[in-house]
Amino acid sequence: MARKEKNSPSITRRGLVLMGAQLALVGTLGWRMRHLQVEEAERYRLLAEENRINIRLLPPARGLIYDRDGQPVAINQQNYRIVMVREGAGDPGEVLRRLSLLIEISPDRRERVLRDMYARPAFVPVTVAEHLDWHSFARVASNAPALPGVLTEVGLSRHYPADEVFAHIVGYVGPVSDYDLSQIENPDPLLQIPDFQIGKNGVEKRAEADLRGSAGNSRIEVNASGRVIRELDRVEGSSGQDLQLTIDSGLQDFTLRRMEGQSSATVVMDVQTGEIVTMASAPSFDPNSFVFGISTGEWNALNTDEYRPLYNKAVSGVYPPGSTFKMVVALAALEEGHINPSETVFCGGSIEVGNRRAHCWRRGGHGWMDLRDSLKNSCDVYYYDIAQRVGIDKISEMANRLGIGIRHDLPLPAVSAGNMPDRDWKLRVHGESWLIGDTVNSGIGQGFMLASPLELCVMAARIASGTSVTPKLIRSVDGVPADLSAGAPLGVQTASLDAVRAGMFAVSNDRRGTGYRARIADPQMAMAGKTGTSQVRRITEAERRTGVFRNEDLPWNRRDHALFVAFAPFDAPRYAIATIVEHGGGGSTAAAPIAQDVMIRALYGPEPPIEAWPSAMHQTIRERRRLGQDSASVQWSRA
Amino acid sequence: MIYWEQMNARPTPTGPAKLLHVHWPLVILICCVCGAGFLMLYSVAGGNLDRWARPQMMRFGLGIIAMLFIAMIHVDFWRRISIFAYLGGLALLLAVEFIGEVGMGAQRWIDLGPLRLQPSELMKVALVMVIAQYYAWLPQEKVSHPFWVAVPLVMTAIPVMLVLKQPDLGTSILMVAGAGVVMFLAGVSWWYFGTAIAAVATTVWAVFESRGQTWQLLNDYQYRRIDIFLDPSKDPLGAGYHITQAKIALGAGGLSGRGFMQGTQSRLDFLPEKHTDFIFTSLAEQFGFVGGLTLLGLYTAIIMFCLLSAFSNRDRFGALMTGGLTATFFFFFAVNMAMVMGLLPVVGVPLPLVSYGGSAMLVLLGAFGLIQSAHVHRPRGAYG
């Protein structure tokens, strides 16, 4: 039905207005589209790429560390790990329960794993257990069908097969802490990987740059919820460099066990090349316990032990060198022409210095002493006398030349420079001028002077070789040998050195020498040494008068330190040694026997002939061997 | 333009011959836009046809048949039932208050078994129809009389209030725009529109002013959307995330796009609601500025064809309804695009004929059926 048409005005005019308005709006939309898609396209393209591409770092395998014979001392072990993904598990609680029938998972741990799983997106794997042994791991793997969502993974983690033997040298690794990150100027992004391990101590720490290697990376595409869609590309990193140490693990092991029960340190080095073949600090600790995170109880025990197991006494411990310093004073005096080796000094048991009296350790005195006898008997008065003649500055200079008071460059943290005072030092540090009494004290290695076992070992090596040999700990890096050339000549007259060496020979091989009992009996291998007993406290006048002063009566931490330095064989020196037993009493009784046993092993190898020891000791040695206390190094290596 | 002249030369067709008089170029344009929609739905489903594209195609088929069916019925019939359609729509809107399903945080649907009906969709069309009917009835001299202006305002206000209450801001805006355009085309005095614009400005001011007061006009979520629209960086991972990701998708598309199914933003789910409100960003990411402009061009061509049809239609109801529905359609896509491009706040308007959604597709095609009916049955012959 056709309706009657109204004679209405056309809508065209207003319609055109409307059309114009609409076209204008369409134009606006087009302009906006152009702005976003043409002008800003680059920026948004970048943002889109940022959205979808994640870069995942691939941690490199850490470089291995070997001893001088190629025995591994720090390796990467397979870390068998069980992770669980919620979305694949169905009922995660039930799966966890089943899993706990196969491997041990504490109820606490189960609860935490469940909580973690629900706190994160369903596809994120959560670690249930790690460091599993192979059997548990295999048990889980073979039960996989009953354990939906449970995945087995293999990672790498550090292991120290020698346990405590290399703890102070190699150190240990641990997860990167916030503190570590704050200490680094421009941290390697690798460090941000959760549970990435870096060197925390020892060579692991100082040679971190060599050992770490460089990260590879994998660019992955993720969706909005973070799920990995695919790997776009992958660049493999390079593993860290392998290090070979100069340490002989057999000797190191023996040395550590020989010092067991004492707070002690021993350094043995090659007198020509400076290679440190042993650097042991007792007691030690197991670095493996730090790798997985040490328990609070264990940490407290290590920290409160008064023998300070965590502390590397060989390089960080500094002690008054005591009589082991007398060679330095003698060499300074000889070089400066203040004495000649045959010149004698009378020891009456004490000497007047200023208005005070300085005593010899032997109350009755030693009588007339020449250089050789003064070393052999460790006469104090002789050195009180010549120290005054030489003066502290020359003594100090000679000490530095022999390696004391210098920070030796070893890849270890906290290598101490000791302390070698002179006039300037006292004025600077104490604001007092140097007194003659200070010089006298320095003459016998007491007073302000401090040296580490490493420094004393370097001193012995330099006296033995006549070169300024420097200590070295790294034998090769990734198969490239380190510079192991002999040191430059020491610049000390051979005659002076010979005189001092003769004195040291007398200490160990003269019937009346302080180190005679701890000698090497085989003349081919004869040792030349020097004992030292350094006071950690002042002996009061009253004690000296009454004579009631026995070291054994004092509490442990106030007893004297026992020291011994030596080199051997006398005719063709190979090794220098320095041993200190903290608060061990006399150097000849506490330190020299350790050095003797260690030096014999260094010279003869793991099974030395009994003739190496003096005949008086054969019975003891046989007894020790029978008890297995003297066997060759324990087979600790699993390699 | 030969096409037009030929059509005008003939008397109003009857019977099956009407099919020949359907505005086929418009139908083809609609098919093109819908085709683009299927392609996008296939793509955002990650190459899964069954997820969205196939159901959408089936509704499209149904809708095209409905459109042609509606086109065959005389426009006078539609004029006469307009008031009933409007009242029925009102009844349905009231009904969703009680039996409506809650979806996407808003009450909008009536569940009719296989079809979920959104009464607000129907109301958009019915409102334009009833106001066109009103002006077809109202003598021209009364058009600007305040009383006769108030009547359509009330007719608009009632459903708009109900839809706002759901709450569905987007549809409310489209309804107001559609009704306003019909009144504008009917010749209501410019003064009223001037006043209305002033009133809107005042309202905007009041909306901002009322925030946090006891007479707060909008919901908190709507305020948050406004805030984030004004500064998306305020909340890049929360509510601003949608706009930010949408702009990234658009921009990343660049001039020529990243290629079909190669858009990372949509493929990796960075885009929100990528099969509904934000589908345009996915298209623009895959086909770039060229693709986006092409779609905009298709839409504009649809608008132009419809408006030209309205201009040439001397039947007042047909012309006004065509103009009103065209305007509604225009605001539909313009608001959606402006929204995803960050020119307007996110008000929840899908992209017409492209976004996934059954009732929107059917209602839109039905509305084009009405436009076709007005076109087919327009008075022909000499003037007068």
# chains A, B, ... in the order shown; residues from 1 in each chain; ligands from 1

$ interface_residues --of "chain A" --to "chain B" --cutoff "6 Å" --atoms "only C-alpha atoms" --output "list of chain:residue names"
A:Ile11, A:Thr12, A:Arg14, A:Leu36, A:Gln37, A:Val38, A:Ala41, A:Tyr44, A:Arg45, A:Asn223, A:Ala224

$ residues_around --residues "Ser238 of chain A" --least-positions-apart "4" --cutoff "7 Å" --atoms "only C-alpha atoms" --output "MDAnalysis selection string"
chainID A and resid 60 213:215

$ atom_distance --atom1 "atom CA of Phe368 of chain B" --atom2 "atom CA of Gln166 of chain B"
26.2 Å

$ residues_around --residues "segment 14-24 of chain B" --least-positions-apart "4" --cutoff "7 Å" --atoms "only C-alpha atoms" --output "ChimeraX atom specification"
/B:28,72,372,376

$ write_last_selection --atoms "N, CA and C atoms" --output "PDB file, in the first residue's frame"
ATOM      1  N   ILE B  28      27.690  -5.622  -1.528  1.00  0.00           N
ATOM      2  CA  ILE B  28      29.053  -6.122  -1.796  1.00  0.00           C
ATOM      3  C   ILE B  28      30.046  -5.525  -0.794  1.00  0.00           C
ATOM      4  N   MET B  72      12.835  -6.847   1.291  1.00  0.00           N
ATOM      5  CA  MET B  72      11.711  -7.148   0.409  1.00  0.00           C
ATOM      6  C   MET B  72      10.391  -6.633   0.969  1.00  0.00           C
ATOM      7  N   GLN B 372      17.970  -0.999   3.036  1.00  0.00           N
ATOM      8  CA  GLN B 372      17.679  -1.522   1.701  1.00  0.00           C
ATOM      9  C   GLN B 372      16.193  -1.415   1.396  1.00  0.00           C
ATOM     10  N   VAL B 376      14.763   0.291  -1.743  1.00  0.00           N
ATOM     11  CA  VAL B 376      14.005  -0.428  -2.766  1.00  0.00           C
ATOM     12  C   VAL B 376      12.634   0.213  -2.965  1.00  0.00           C
TER      13      VAL B 376
END

$ select_by_dssp --residues "segment 18-120 of chain B" --states "helix (DSSP H, G or I)" --output "ChimeraX atom specification"
/B:18-21,24-44,49-72,75-99,119-120

$ write_last_selection --atoms "C-alpha atoms" --output "short mmCIF file (atom, residue, chain, number, x, y, z; two decimals), in the first residue's frame"
data_model
loop_
_atom_site.label_atom_id
_atom_site.label_comp_id
_atom_site.auth_asym_id
_atom_site.auth_seq_id
_atom_site.Cartn_x
_atom_site.Cartn_y
_atom_site.Cartn_z
CA LYS B 18 12.46 -5.96 -6.11
CA LEU B 19 15.55 -8.10 -5.71
CA LEU B 20 17.01 -6.36 -8.72
CA HIS B 21 16.52 -3.02 -7.02
CA TRP B 24 23.85 -4.37 -4.53
CA PRO B 25 27.05 -2.30 -4.39
CA LEU B 26 26.24 -1.69 -0.73
CA VAL B 27 25.70 -5.40 -0.19
CA ILE B 28 29.05 -6.12 -1.80
CA LEU B 29 30.77 -3.57 0.45
CA ILE B 30 29.15 -5.14 3.49
CA CYS B 31 30.34 -8.57 2.33
CA CYS B 32 33.87 -7.21 1.90
CA VAL B 33 33.95 -5.82 5.44
CA CYS B 34 32.52 -9.05 6.85
CA GLY B 35 35.05 -11.02 4.80
CA ALA B 36 37.84 -8.99 6.34
CA GLY B 37 36.25 -9.84 9.69
CA PHE B 38 36.32 -13.59 9.00
CA LEU B 39 39.96 -13.35 8.00
CA MET B 40 40.80 -11.55 11.22
CA LEU B 41 38.82 -13.95 13.39
CA TYR B 42 40.62 -16.83 11.72
CA SER B 43 43.94 -15.13 12.32
CA VAL B 44 43.47 -14.11 15.95
CA LEU B 49 38.56 -21.66 11.84
CA ASP B 50 36.11 -23.21 14.26
CA ARG B 51 36.82 -21.01 17.18
CA TRP B 52 35.34 -17.73 15.97
CA ALA B 53 35.36 -17.48 12.20
CA ARG B 54 32.97 -20.32 11.40
CA PRO B 55 30.20 -19.32 13.85
CA GLN B 56 30.58 -15.74 12.65
CA MET B 57 30.20 -16.89 9.04
CA MET B 58 27.07 -18.80 9.90
CA ARG B 59 25.56 -15.79 11.58
CA PHE B 60 26.58 -13.72 8.60
CA GLY B 61 24.78 -16.10 6.26
CA LEU B 62 21.72 -15.94 8.44
CA GLY B 63 22.04 -12.15 8.64
CA ILE B 64 22.35 -11.67 4.89
CA ILE B 65 19.19 -13.70 4.32
CA ALA B 66 17.44 -11.70 7.01
CA MET B 67 18.69 -8.49 5.42
CA LEU B 68 17.30 -9.39 2.00
CA PHE B 69 14.07 -10.59 3.58
CA ILE B 70 13.66 -7.31 5.43
CA ALA B 71 14.53 -5.43 2.25
CA MET B 72 11.71 -7.15 0.41
CA VAL B 75 9.21 0.26 4.15
CA ASP B 76 5.72 1.39 5.20
CA PHE B 77 5.35 -1.81 7.16
CA TRP B 78 8.53 -1.03 9.04
CA ARG B 79 7.37 2.52 9.62
CA ARG B 80 4.13 1.31 11.12
CA ILE B 81 5.67 -1.26 13.41
CA SER B 82 8.39 1.12 14.60
CA ILE B 83 6.53 2.13 17.73
CA PHE B 84 5.95 -1.53 18.58
CA ALA B 85 9.57 -2.37 17.98
CA TYR B 86 10.49 0.46 20.32
CA LEU B 87 8.07 -0.66 23.03
CA GLY B 88 9.20 -4.26 22.62
CA GLY B 89 12.79 -3.15 22.95
CA LEU B 90 11.95 -1.27 26.11
CA ALA B 91 10.28 -4.36 27.51
CA LEU B 92 13.35 -6.45 26.75
CA LEU B 93 15.62 -3.88 28.34
CA LEU B 94 13.53 -4.05 31.46
CA ALA B 95 13.59 -7.81 31.23
CA VAL B 96 17.41 -7.96 31.31
CA GLU B 97 17.22 -6.15 34.58
CA PHE B 98 15.66 -9.29 36.00
CA ILE B 99 16.66 -12.31 33.94
CA PRO B 119 18.25 -5.91 23.80
CA SER B 120 20.42 -2.82 23.71
#

$ closest_residue --among "A:Glu432, A:Pro321, A:Ala333, A:Ala451" --to "Gly587 of chain A" --atoms "only C-alpha atoms"
A:Pro321

$ residues_around --residues "Thr470 of chain A" --least-positions-apart "6" --cutoff "10 Å" --atoms "only C-alpha atoms" --output "PyMOL selection string"
chain A and resi 269-276+403+408-410+455+458-459+461-462+484-488

$ write_last_selection --atoms "N, CA and C atoms" --output "short mmCIF file (atom, residue, chain, number, x, y, z; two decimals), in the first residue's frame"
data_model
loop_
_atom_site.label_atom_id
_atom_site.label_comp_id
_atom_site.auth_asym_id
_atom_site.auth_seq_id
_atom_site.Cartn_x
_atom_site.Cartn_y
_atom_site.Cartn_z
N MET A 269 107.99 -23.69 49.13
CA MET A 269 108.10 -23.23 47.75
C MET A 269 109.41 -23.64 47.11
N ASP A 270 109.38 -23.66 45.79
CA ASP A 270 110.56 -23.96 45.01
C ASP A 270 111.46 -22.73 45.06
N VAL A 271 112.74 -22.91 45.50
CA VAL A 271 113.58 -21.73 45.71
C VAL A 271 113.99 -21.09 44.39
N GLN A 272 113.94 -21.84 43.28
CA GLN A 272 114.35 -21.26 42.01
C GLN A 272 113.19 -20.57 41.29
N THR A 273 112.08 -21.28 41.16
CA THR A 273 110.98 -20.75 40.36
C THR A 273 109.93 -20.00 41.20
N GLY A 274 109.93 -20.24 42.49
CA GLY A 274 108.93 -19.59 43.33
C GLY A 274 107.61 -20.33 43.38
N GLU A 275 107.52 -21.48 42.70
CA GLU A 275 106.27 -22.24 42.74
C GLU A 275 105.98 -22.70 44.16
N ILE A 276 104.79 -22.39 44.62
CA ILE A 276 104.39 -22.82 45.95
C ILE A 276 103.85 -24.24 45.84
N GLY A 403 111.89 -10.01 50.98
CA GLY A 403 110.49 -10.38 50.77
C GLY A 403 109.59 -10.20 51.98
N HIS A 408 102.99 -9.85 48.40
CA HIS A 408 103.29 -10.71 47.26
C HIS A 408 102.04 -10.93 46.43
N ASP A 409 102.24 -10.91 45.14
CA ASP A 409 101.08 -10.96 44.25
C ASP A 409 100.66 -12.41 44.00
N LEU A 410 99.74 -12.86 44.81
CA LEU A 410 99.19 -14.21 44.63
C LEU A 410 97.70 -14.08 44.40
N GLU A 455 105.79 -14.88 53.74
CA GLU A 455 106.95 -13.98 53.65
C GLU A 455 108.20 -14.64 54.19
N VAL A 458 109.45 -16.98 51.63
CA VAL A 458 110.13 -16.26 50.56
C VAL A 458 111.53 -15.86 51.02
N MET A 459 111.63 -15.41 52.27
CA MET A 459 112.93 -15.02 52.81
C MET A 459 113.90 -16.19 52.74
N ALA A 461 113.72 -18.78 50.83
CA ALA A 461 114.00 -19.13 49.44
C ALA A 461 115.02 -18.17 48.85
N ARG A 462 114.92 -16.89 49.19
CA ARG A 462 115.85 -15.91 48.62
C ARG A 462 117.26 -16.10 49.19
N LEU A 484 107.46 -18.97 34.83
CA LEU A 484 108.05 -19.60 36.01
C LEU A 484 109.56 -19.45 36.00
N SER A 485 110.04 -18.38 35.39
CA SER A 485 111.49 -18.19 35.32
C SER A 485 112.03 -17.81 36.70
N ALA A 486 113.32 -18.07 36.88
CA ALA A 486 113.95 -17.75 38.17
C ALA A 486 113.98 -16.24 38.36
N GLY A 487 114.12 -15.83 39.63
CA GLY A 487 114.12 -14.41 39.93
C GLY A 487 115.45 -13.77 39.55
N ALA A 488 115.47 -12.44 39.57
CA ALA A 488 116.69 -11.69 39.31
C ALA A 488 117.65 -11.88 40.49
#

$ atom_distance --atom1 "atom CA of Ser144 of chain B" --atom2 "atom CA of Tyr192 of chain B"
8.4 Å

$ select_by_dssp --residues "segment 231-294 of chain A" --states "strand (DSSP E or B)" --output "list in words"
Glu231, Leu232, Asp233, Arg234, Val235, Ser238, Leu243, Gln244, Leu245, Ser264, Ala265, Thr266, Val267, Val268, Met269, Asp270, Glu275, Ile276, Val277, Thr278, Met279, Ala280, Ser281 and Ala282 of chain A

$ residues_around --residues "Asp370 of chain A" --least-positions-apart "6" --cutoff "7 Å" --atoms "only C-alpha atoms" --output "VMD selection string"
chain A and resid 341 to 345

$ residues_around --residues "Arg622 of chain A" --least-positions-apart "6" --cutoff "12 Å" --atoms "only C-alpha atoms" --output "VMD selection string"
chain A and resid 609 to 611 613 615 to 616 628 to 631

$ residues_around --residues "segment 568-584 of chain A" --least-positions-apart "4" --cutoff "8 Å" --atoms "only C-alpha atoms" --output "JSON, numbers by chain"
{"A": [262, 263, 264, 265, 266, 267, 268, 269, 270, 271, 272, 453, 454, 456, 457, 458, 460, 461, 464, 465, 505, 524, 525, 526, 527, 528, 556, 557, 558, 559, 560, 561, 562, 563, 564, 590, 591, 592, 594, 595, 599, 602, 603]}

$ write_last_selection --atoms "C-alpha atoms" --output "PDB file, in the first residue's frame"
ATOM      1  CA  GLN A 262      97.169 -27.368  66.033  1.00  0.00           C
ATOM      2  CA  SER A 263      96.568 -23.891  64.806  1.00  0.00           C
ATOM      3  CA  SER A 264      99.336 -23.871  62.326  1.00  0.00           C
ATOM      4  CA  ALA A 265     100.492 -22.946  58.844  1.00  0.00           C
ATOM      5  CA  THR A 266     103.194 -24.210  56.515  1.00  0.00           C
ATOM      6  CA  VAL A 267     104.371 -22.878  53.166  1.00  0.00           C
ATOM      7  CA  VAL A 268     106.740 -24.781  50.908  1.00  0.00           C
ATOM      8  CA  MET A 269     108.099 -23.233  47.748  1.00  0.00           C
ATOM      9  CA  ASP A 270     110.564 -23.962  45.013  1.00  0.00           C
ATOM     10  CA  VAL A 271     113.577 -21.733  45.708  1.00  0.00           C
ATOM     11  CA  GLN A 272     114.346 -21.259  42.008  1.00  0.00           C
ATOM     12  CA  PRO A 453     104.494 -17.568  56.905  1.00  0.00           C
ATOM     13  CA  LEU A 454     104.536 -16.878  53.169  1.00  0.00           C
ATOM     14  CA  LEU A 456     109.202 -16.056  55.856  1.00  0.00           C
ATOM     15  CA  CYS A 457     109.211 -18.785  53.239  1.00  0.00           C
ATOM     16  CA  VAL A 458     110.134 -16.260  50.558  1.00  0.00           C
ATOM     17  CA  ALA A 460     114.304 -18.536  53.195  1.00  0.00           C
ATOM     18  CA  ALA A 461     114.000 -19.129  49.441  1.00  0.00           C
ATOM     19  CA  ALA A 464     118.912 -20.163  49.578  1.00  0.00           C
ATOM     20  CA  SER A 465     118.856 -19.165  45.919  1.00  0.00           C
ATOM     21  CA  PHE A 505     123.311 -25.202  58.413  1.00  0.00           C
ATOM     22  CA  GLN A 524     122.768 -35.360  50.458  1.00  0.00           C
ATOM     23  CA  MET A 525     119.537 -33.745  51.548  1.00  0.00           C
ATOM     24  CA  ALA A 526     120.741 -31.819  54.574  1.00  0.00           C
ATOM     25  CA  MET A 527     118.470 -29.022  55.703  1.00  0.00           C
ATOM     26  CA  ALA A 528     119.568 -25.553  56.804  1.00  0.00           C
ATOM     27  CA  TRP A 556      96.810 -21.145  75.054  1.00  0.00           C
ATOM     28  CA  ASN A 557      96.342 -17.756  73.485  1.00  0.00           C
ATOM     29  CA  ARG A 558      99.161 -16.163  75.526  1.00  0.00           C
ATOM     30  CA  ARG A 559     101.775 -18.780  74.788  1.00  0.00           C
ATOM     31  CA  ASP A 560     104.624 -18.106  72.396  1.00  0.00           C
ATOM     32  CA  HIS A 561     104.375 -18.758  68.676  1.00  0.00           C
ATOM     33  CA  ALA A 562     106.671 -21.469  67.400  1.00  0.00           C
ATOM     34  CA  LEU A 563     108.372 -20.809  64.065  1.00  0.00           C
ATOM     35  CA  PHE A 564     110.795 -22.568  61.821  1.00  0.00           C
ATOM     36  CA  ALA A 590     106.787 -27.423  67.966  1.00  0.00           C
ATOM     37  CA  ALA A 591     107.540 -26.066  64.481  1.00  0.00           C
ATOM     38  CA  ALA A 592     110.803 -27.686  63.373  1.00  0.00           C
ATOM     39  CA  ILE A 594     106.620 -30.436  61.254  1.00  0.00           C
ATOM     40  CA  ALA A 595     108.933 -28.715  58.801  1.00  0.00           C
ATOM     41  CA  MET A 599     110.557 -31.234  53.854  1.00  0.00           C
ATOM     42  CA  ALA A 602     108.973 -32.764  49.522  1.00  0.00           C
ATOM     43  CA  LEU A 603     112.467 -34.065  48.812  1.00  0.00           C
TER      44      LEU A 603
END

$ atom_distance --atom1 "atom CA of Gln535 of chain A" --atom2 "atom CA of Thr439 of chain A"
16.5 Å
